[in-house]
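Taking it in order: structure first as structure tokens, then the write-up.
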Amino acid sequence: MANSLPTEFDVIVMGTGLPESILAAACSRSGQRVLHLDSRSYYGGNWASFSFPGLLSWLKEHQQNSDTGEESPAAWQDMIHETEEAIPLCKKDETIQHAEVFCYASQGMDGNIEELGALQKNPSCVASSTLIKPLDSACLSEETHSSHITSYEVPTQDTPKNNEEITDTAETSVKEEYCGYDTYKHTVSDGTKDEIKPVLEDNSVPPKRKRIAYSQIVKEGRRFNIDLSSKLLYSQGLLIDLLIKSNVSRYAEFKNVTRILAFREGKVEQVPCSRADVFNSKELTMVEKRMLMKFLTFCLDYEQHPEEYQAFTQCSFSEYLKTKNLTPSLQHFILHSIAMMSESSCTTVDGLKATKTFLQCLGRFGNTPFLFPLYGQGEIPQCFCRMCAVFGGIYCLRHKVQCLVVDRESGRCKAIIDHLGQRINAKYFIVEDSYLSEETCSSVQYKQISRAVLITDQSVLKTDSDQQISILIVPPVEPGAYAVRIIELCSSTMTCMKDTYLVHLTCSSSKTAREDLESVVKKLFTPYSETEVDNEELPKPGLLWALYFNMRDSSGVSRSSYNGLPPNVYVCTGPDSGLGSEHAVKQAETLFHEIFPSEEFCPPPPNPEDIFFDGDEKPSEPLGTNNIVMAKLESSEGSKNLESSGKHLQN
Amino acid sequence: MSMEDYDFLFKIVLIGNAGVGKTCLVRRFTQGLFPPGQGATIGVDFMIKTVEINGEKVKLQIWDTAGQERFRSITQSYYRSANALILTYDITCEESFRCLPEWLREIEQYASNKVITVLVGNKIDLAERREVSQQRAEEFSEAQDMYYLETSAKESDNVEKLFLDLACRLISEARQNTLVNNVSSPLPGEGKSISYLTCCNFN
């Protein structure tokens with residue numbers, strides 16, 4: 001086929017996480033020939049979002065990670081010339097550890113399930129693969145799941161021992177096959193229906209709580225878009241600004257986070273943060289309202305009133321708040337839910353600054369300072385990749401790179417050798433941290449992030465509307481431990497099936513993810529198998545399914561701690577534990593300016609509706625004509641208002 | 001730019017193997033050009049054409065793959081919020097037809113359930129080199145419950161028909177949906193684009 005990869009580029013980007021994708025877009029936009037590769041079969045690296053079956057196969061892949069030492073170095077060493085040296089890259093991804101899965105939902109086979117998923121509408125990939133003989137039949141082979149997935153007994157009690165067993169089964173039983181396009185197919189084997197005794201009969205369903213079975217989650221698995229890194233967008237943050245400026249925002253849709261919650265004295269409460277919230281709050285007394293408004297108003301321009309806080313610059317923010325005539329609940333709200341700072345480490349000035357940032361973001365798009373992208377965070381890197389492709393960037397997933405080729409004399413990297421043994425030349429190389437070998441990273445110290453993903457049946461704070469997007473900070477129990485950030489997503493964010501919530505927990509790691517987060521999970525949720533007992537008495541939402549894992553946080557690593565990287569190899573880091581993506585945007589912009597000091601970073605592209613075609617352009621090489629074509633586009637665009645195109649996307 | 005000059009706006013997304021003529025179909029329809037200068041697609045996100053159907057102005061926003069299909073690396077976000085998909089193969093290329101199930105799987109995974117899919121066999125001007133019979137394609141599209149059409153972007157055969165028929169079907173679907181969906185159920189596309197939100201803020 002004519003589809004072989006070109007071998008000359010300006011920039012090769014390895015990894016499709018957020019900073020790499022932004023950089024790829026920026027380079028392509030400024031006329032560079034970009035090759036963007038990912039060794040994985042999906043976009044986003046550790047920034048990706050997965051459907052439920054997609055997540056299970058991702059887990060499995062990470063559990064089988066050890067068996068990749070197959071290829072011998074000889075395969076590519078022949079290709080290195082005498083004047084060159086090779087820097088081998090990493091063959092396996094070790095950024096995910098301690099993954100543990102727990103299933104609390106019953107395995108009951110509900111007769112209605114077949115009809116529930118709108119998935120069924122298009123009945124027939126199975127049929128179609130028989131109709132047309134696929135080229136590579138393995139590609140399309142339908143994986144029928146072994147019975148494990150449905151055959152284990154559901155614990156009626158939540159004993160730790162039981163949990164362990166389930167962990168094992170759930171982790172090992174899910175078989176996935178990568179189909180041609182790496183879509184994931186799941187079939188729950190019908191044969192197991194008779195073997196299992198449904199724990200719940202249909203008629204035992206309590207009228208108020210809809211029972212959800214694990215098989216339903218699997219059936220509707222496509223409705224889930226589960227973020228590996230749980231983040232939000234600050235509505236005045238760098239990422240939003242970049243999305244708007246570059247017009248990449250047209251590829252995504254967003255929803256406002258609707259509530260800021262606090263966890264205090266064992267109870268979840270809503271934090272009033274906007275002016276309207278404060279006035280409408282039923283929880284606050286008149287006096288409290290006045291105190292809170294006064295303090296927040298001061299924070300908005302605290303720099304103008306140094307006399308108010310000068311004496312406390314050496315104190316912690318929490319000490320300072322105590323002096324401001326605020327009730328304990330208000331102090332809690334401000335410290336944990338608005339400034340989102342921890343009690344011990346935050347200085348007064350940092351706290352004031354964080355509070356001001358929060359307040360400034362408020363009201364730009366809605367009642368809280370945050371936005372969430374529909375279909376999950378994983379959309380965002382993809383949007384930048386689309387932009388890169390639109391400007392001629394070439395995309396290749398499932399493409400491994402064996403080594404970087406360095407010219408001995410100049411010390412600069414000049415090419416990569418890919419898994420097919422092909423040599424691809426470029427001037428600049430951008431590589432994500434996890435692609436680098438152990439040797440390169442031997443003196444690097446990584447931090448870790450503890451993550452949990454939960455599927456639940458109710459919101460942590462029920463209100464009239466069941467479509468809330470909430471953020472909740474749970475302060476650490478012991479001093480010195482880390483606060484846990486919880487983001488609860490409803491089904492209208494297109495990240496989970498109807499009647500469920502997707503709950504993300506994140507904190508900096510002290511131990512394994514489960515050790516760090518399980519106590520918070522227990523405080524807020526009840527295992528689903530127990531929720532049927534006396535549902536009137538149970539205010540806690542039921543926990544259907546849980547996953548814990550640790551993710552490497554390479555965000556703090558400085559360039560100089562990598563051994564022996566040529567100067568024209570630039571390193572991007574994985575997701576950090578922060579709430580926003582400011583770190584990734586800053587990194588991308590900094591690296592872009594290091595590489596191309598005189599180029600503008602992601603300027604607005606021409607509006608497609610304003611593009612004027614001459615009609616007599618000669619067919620030419622797609623990559624060679626960037627400059628000419630772009631010049632043409634830009635001149636026809638004139639000084640178009642940035643904001644004018646996005647609106648048209650809405651009908 | 002305040003009052004929109006159309007009654008309907010639909011997002012149509014093209015997919016199919018590289019080289020089957022997706023870009024040619026779009027360019028032929030929106031600009032009447034063939035062949036489209038390759039370089040001209042750089043920087044072009046989507047093409048717009050406004051057509052009139054029964055007195056109503058319908059704006060069609062037609063998205064191309066930006067080359068990401070070449071190495072099977074289309075972003076999922078490309079499929080989001082599409083109202084219709086045009087799945088294209090080349091009647092002179094068996095391979096492009098054999099890949100259709102893989103494309104359907106992508107659609108099933110990432111596109112909205114309500115999306116309308118049309119199967120298009122392009123390049124009928126090269127009939128003497130045909131590798132995929134019309135009958136096979138018809139059977140396949142029937143089994144998949146898809147609308148099917150053969151086109152030639154080069155000769156402009158059926159290209160108008162393809163997009164106009166699609167527009168008609170989208171209009172009738174949209175009408176039905178507004179009747180059915182007056183209940184406040186969460187629907188895809190309910191979110192807002194940032195620019196749109198920003199507009200509200202600025203005005």
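Ordering of the structure tokens sets the chain letters (A, B, ...); residue numbers start at 1 within each chain; ligands are numbered from 1 in the order shown.
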Query raised in the report: Which neighbours of range 85-94 of chain A fall inside 6 Å, counting only C-alpha atoms, when residues of the same chain fewer than 6 positions from it are skipped, and could you give them as a PyMOL selection string?
Result: chain A and resi 402-406+435-437
Could you write those residues out with C-alpha atoms, as a PDB file, in the first residue's frame?
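Output saved as selection31.pdb:
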```
ATOM      1  CA  GLN A 402      12.940   1.383  19.692  1.00  0.00           C
ATOM      2  CA  CYS A 403      15.603   4.020  20.034  1.00  0.00           C
ATOM      3  CA  LEU A 404      16.778   7.542  19.437  1.00  0.00           C
ATOM      4  CA  VAL A 405      19.731   7.878  17.077  1.00  0.00           C
ATOM      5  CA  VAL A 406      22.337  10.409  18.181  1.00  0.00           C
ATOM      6  CA  TYR A 435       8.945   6.436  26.965  1.00  0.00           C
ATOM      7  CA  LEU A 436      12.393   6.902  28.449  1.00  0.00           C
ATOM      8  CA  SER A 437      14.332   3.868  29.607  1.00  0.00           C
TER       9      SER A 437
END
```
Requested in this report: Mind checking which residues fall within 12 Å of Ser141 in chain B, counting only C-alpha atoms, ignoring those fewer than 2 positions away in the same chain, and posting them as JSON, numbers by chain?
Outcome: {"A": [122, 124, 127, 128, 131], "B": [87, 88, 97, 100, 101, 104, 117, 118, 119, 120, 121, 134, 135, 136, 137, 138, 139, 143, 144, 145, 146, 147, 148, 149, 150]}
Query raised in the report: Can you tell me, as a VMD selection string, what residues are no more than 9 Å from Leu335 in chain A when counting only C-alpha atoms, ignoring any on the same chain fewer than 3 positions away?
Result: chain A and resid 317 to 318 321 330 to 332 338 to 343 351 355
Those residues with all heavy atoms, as a short mmCIF file (atom, residue, chain, number, x, y, z; two decimals), in the first residue's frame please?
```cif
data_model
loop_
_atom_site.label_atom_id
_atom_site.label_comp_id
_atom_site.auth_asym_id
_atom_site.auth_seq_id
_atom_site.Cartn_x
_atom_site.Cartn_y
_atom_site.Cartn_z
N PHE A 317 -2.67 29.82 56.85
CA PHE A 317 -3.94 30.43 56.43
C PHE A 317 -5.05 30.09 57.43
O PHE A 317 -5.89 30.92 57.74
CB PHE A 317 -4.28 29.91 55.03
CG PHE A 317 -5.45 30.61 54.36
CD1 PHE A 317 -5.57 32.00 54.37
CD2 PHE A 317 -6.43 29.86 53.71
CE1 PHE A 317 -6.64 32.63 53.73
CE2 PHE A 317 -7.50 30.49 53.07
CZ PHE A 317 -7.61 31.87 53.08
N SER A 318 -4.99 28.86 57.95
CA SER A 318 -6.04 28.47 58.90
C SER A 318 -5.96 29.30 60.19
O SER A 318 -6.99 29.67 60.75
CB SER A 318 -5.98 26.98 59.20
OG SER A 318 -4.71 26.63 59.69
N LEU A 321 -7.47 32.62 59.34
CA LEU A 321 -8.93 32.60 59.24
C LEU A 321 -9.58 32.68 60.62
O LEU A 321 -10.65 33.27 60.79
CB LEU A 321 -9.40 31.34 58.51
CG LEU A 321 -9.12 31.30 57.00
CD1 LEU A 321 -9.53 29.95 56.42
CD2 LEU A 321 -9.86 32.42 56.27
N LEU A 330 -17.60 28.25 58.43
CA LEU A 330 -17.13 29.13 57.36
C LEU A 330 -15.63 28.98 57.14
O LEU A 330 -15.15 28.98 56.01
CB LEU A 330 -17.47 30.58 57.68
CG LEU A 330 -18.95 30.96 57.63
CD1 LEU A 330 -19.13 32.44 57.93
CD2 LEU A 330 -19.58 30.61 56.29
N GLN A 331 -14.90 28.86 58.23
CA GLN A 331 -13.45 28.66 58.10
C GLN A 331 -13.15 27.41 57.31
O GLN A 331 -12.28 27.38 56.45
CB GLN A 331 -12.80 28.55 59.49
CG GLN A 331 -12.79 29.85 60.25
CD GLN A 331 -12.24 29.64 61.66
OE1 GLN A 331 -11.34 28.83 61.88
NE2 GLN A 331 -12.79 30.38 62.61
N HIS A 332 -13.92 26.36 57.61
CA HIS A 332 -13.74 25.10 56.90
C HIS A 332 -14.02 25.27 55.40
O HIS A 332 -13.25 24.85 54.55
CB HIS A 332 -14.66 24.03 57.50
CG HIS A 332 -14.55 22.70 56.83
ND1 HIS A 332 -13.83 21.67 57.36
CD2 HIS A 332 -15.05 22.25 55.66
CE1 HIS A 332 -13.90 20.62 56.55
NE2 HIS A 332 -14.64 20.94 55.51
N ILE A 338 -12.85 26.33 49.08
CA ILE A 338 -12.65 27.48 48.20
C ILE A 338 -11.16 27.64 47.87
O ILE A 338 -10.76 27.58 46.72
CB ILE A 338 -13.26 28.75 48.81
CG1 ILE A 338 -14.80 28.58 48.87
CG2 ILE A 338 -12.87 29.99 48.02
CD1 ILE A 338 -15.57 29.74 49.41
N ALA A 339 -10.35 27.78 48.92
CA ALA A 339 -8.91 27.87 48.66
C ALA A 339 -8.35 26.49 48.28
O ALA A 339 -7.35 26.38 47.59
CB ALA A 339 -8.18 28.42 49.87
N MET A 340 -9.02 25.45 48.71
CA MET A 340 -8.60 24.05 48.48
C MET A 340 -7.18 23.83 48.94
O MET A 340 -6.34 23.29 48.22
CB MET A 340 -8.78 23.67 47.01
CG MET A 340 -10.23 23.75 46.58
SD MET A 340 -10.53 23.03 44.98
CE MET A 340 -12.28 23.36 44.81
N MET A 341 -6.92 24.27 50.14
CA MET A 341 -5.59 24.16 50.68
C MET A 341 -5.63 23.24 51.89
O MET A 341 -6.67 23.06 52.51
CB MET A 341 -5.10 25.55 51.15
CG MET A 341 -4.86 26.50 50.01
SD MET A 341 -3.47 25.91 49.06
CE MET A 341 -3.19 27.29 47.98
N SER A 342 -4.47 22.72 52.24
CA SER A 342 -4.45 21.87 53.41
C SER A 342 -4.13 22.73 54.63
O SER A 342 -3.47 23.76 54.54
CB SER A 342 -3.44 20.75 53.26
OG SER A 342 -2.15 21.31 53.34
N GLU A 343 -4.63 22.26 55.75
CA GLU A 343 -4.56 22.99 56.99
C GLU A 343 -3.13 23.40 57.36
O GLU A 343 -2.85 24.54 57.69
CB GLU A 343 -5.11 22.09 58.10
CG GLU A 343 -5.39 22.79 59.38
CD GLU A 343 -6.80 22.49 59.86
OE1 GLU A 343 -7.39 21.50 59.38
OE2 GLU A 343 -7.29 23.24 60.71
N GLY A 351 -3.08 31.24 50.71
CA GLY A 351 -4.51 31.02 50.89
C GLY A 351 -5.33 32.15 50.29
O GLY A 351 -6.34 31.91 49.62
N THR A 355 -7.88 31.80 47.15
CA THR A 355 -9.26 32.23 47.29
C THR A 355 -9.62 33.23 46.19
O THR A 355 -10.67 33.17 45.57
CB THR A 355 -9.49 32.89 48.68
OG1 THR A 355 -9.02 31.98 49.67
CG2 THR A 355 -10.96 33.19 48.90
#
```
Query raised in the report: Among range 6-194 of chain B, which ones does DSSP place in helix (DSSP H, G or I), written as a PyMOL selection string?
Result: chain B and resi 22-31+38-41+76-78+94-98+100-110+124-129+134-143+159-180+194
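All residues of range 569-608 of chain A that DSSP, run on the backbone, classes as strand (DSSP E or B) are Val569, Tyr570, Val571 and Cys572 of chain A.
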Export, as a CSV table (one decimal), in the first residue's frame, the selected residues with all heavy atoms.
```csv
chain,number,residue,atom,x,y,z
A,569,VAL,N,16.3,16.9,22.4
A,569,VAL,CA,15.2,16.0,22.8
A,569,VAL,C,14.5,16.6,24.0
A,569,VAL,O,15.2,17.0,25.0
A,569,VAL,CB,15.8,14.6,23.2
A,569,VAL,CG1,14.7,13.7,23.9
A,569,VAL,CG2,16.4,13.9,22.0
A,570,TYR,N,13.2,16.9,23.9
A,570,TYR,CA,12.5,17.6,25.0
A,570,TYR,C,11.6,16.6,25.7
A,570,TYR,O,10.9,15.8,25.0
A,570,TYR,CB,11.7,18.7,24.3
A,570,TYR,CG,12.6,19.7,23.6
A,570,TYR,CD1,13.1,19.5,22.3
A,570,TYR,CD2,13.1,20.9,24.3
A,570,TYR,CE1,13.9,20.4,21.7
A,570,TYR,CE2,14.0,21.7,23.6
A,570,TYR,CZ,14.4,21.5,22.3
A,570,TYR,OH,15.3,22.4,21.7
A,571,VAL,N,11.5,16.8,27.0
A,571,VAL,CA,10.7,15.8,27.7
A,571,VAL,C,9.4,16.4,28.3
A,571,VAL,O,9.4,17.5,28.9
A,571,VAL,CB,11.5,15.2,28.9
A,571,VAL,CG1,10.7,14.1,29.6
A,571,VAL,CG2,12.8,14.7,28.4
A,572,CYS,N,8.3,15.7,28.0
A,572,CYS,CA,7.0,16.1,28.6
A,572,CYS,C,6.7,15.2,29.8
A,572,CYS,O,7.1,14.0,29.7
A,572,CYS,CB,5.9,16.0,27.6
A,572,CYS,SG,5.9,17.3,26.4
```
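Using only C-alpha atoms, the nearest neighbour of chain A within the list B:Lys22, B:Arg28, B:Lys49, B:Arg98 is B:Arg98.
Using only C-alpha atoms for every distance, the candidate list B:Asn177, B:Gln61, B:Ser172, B:Ser133 yields B:Gln61 as the residue closest to chain A.
If you look at CA of Phe71 in chain B and CA of Asn158 in chain B, they are 29.0 Å away from each other.
Between chain B and the candidates A:Thr493, A:Ser509, A:Ser577, A:Asn46, the tightest atom-to-atom separation, counting only C-alpha atoms, involves A:Thr493.
Interatomic distance, CA of Val268 in chain A against CA of Phe525 in chain A: 11.7 Å.
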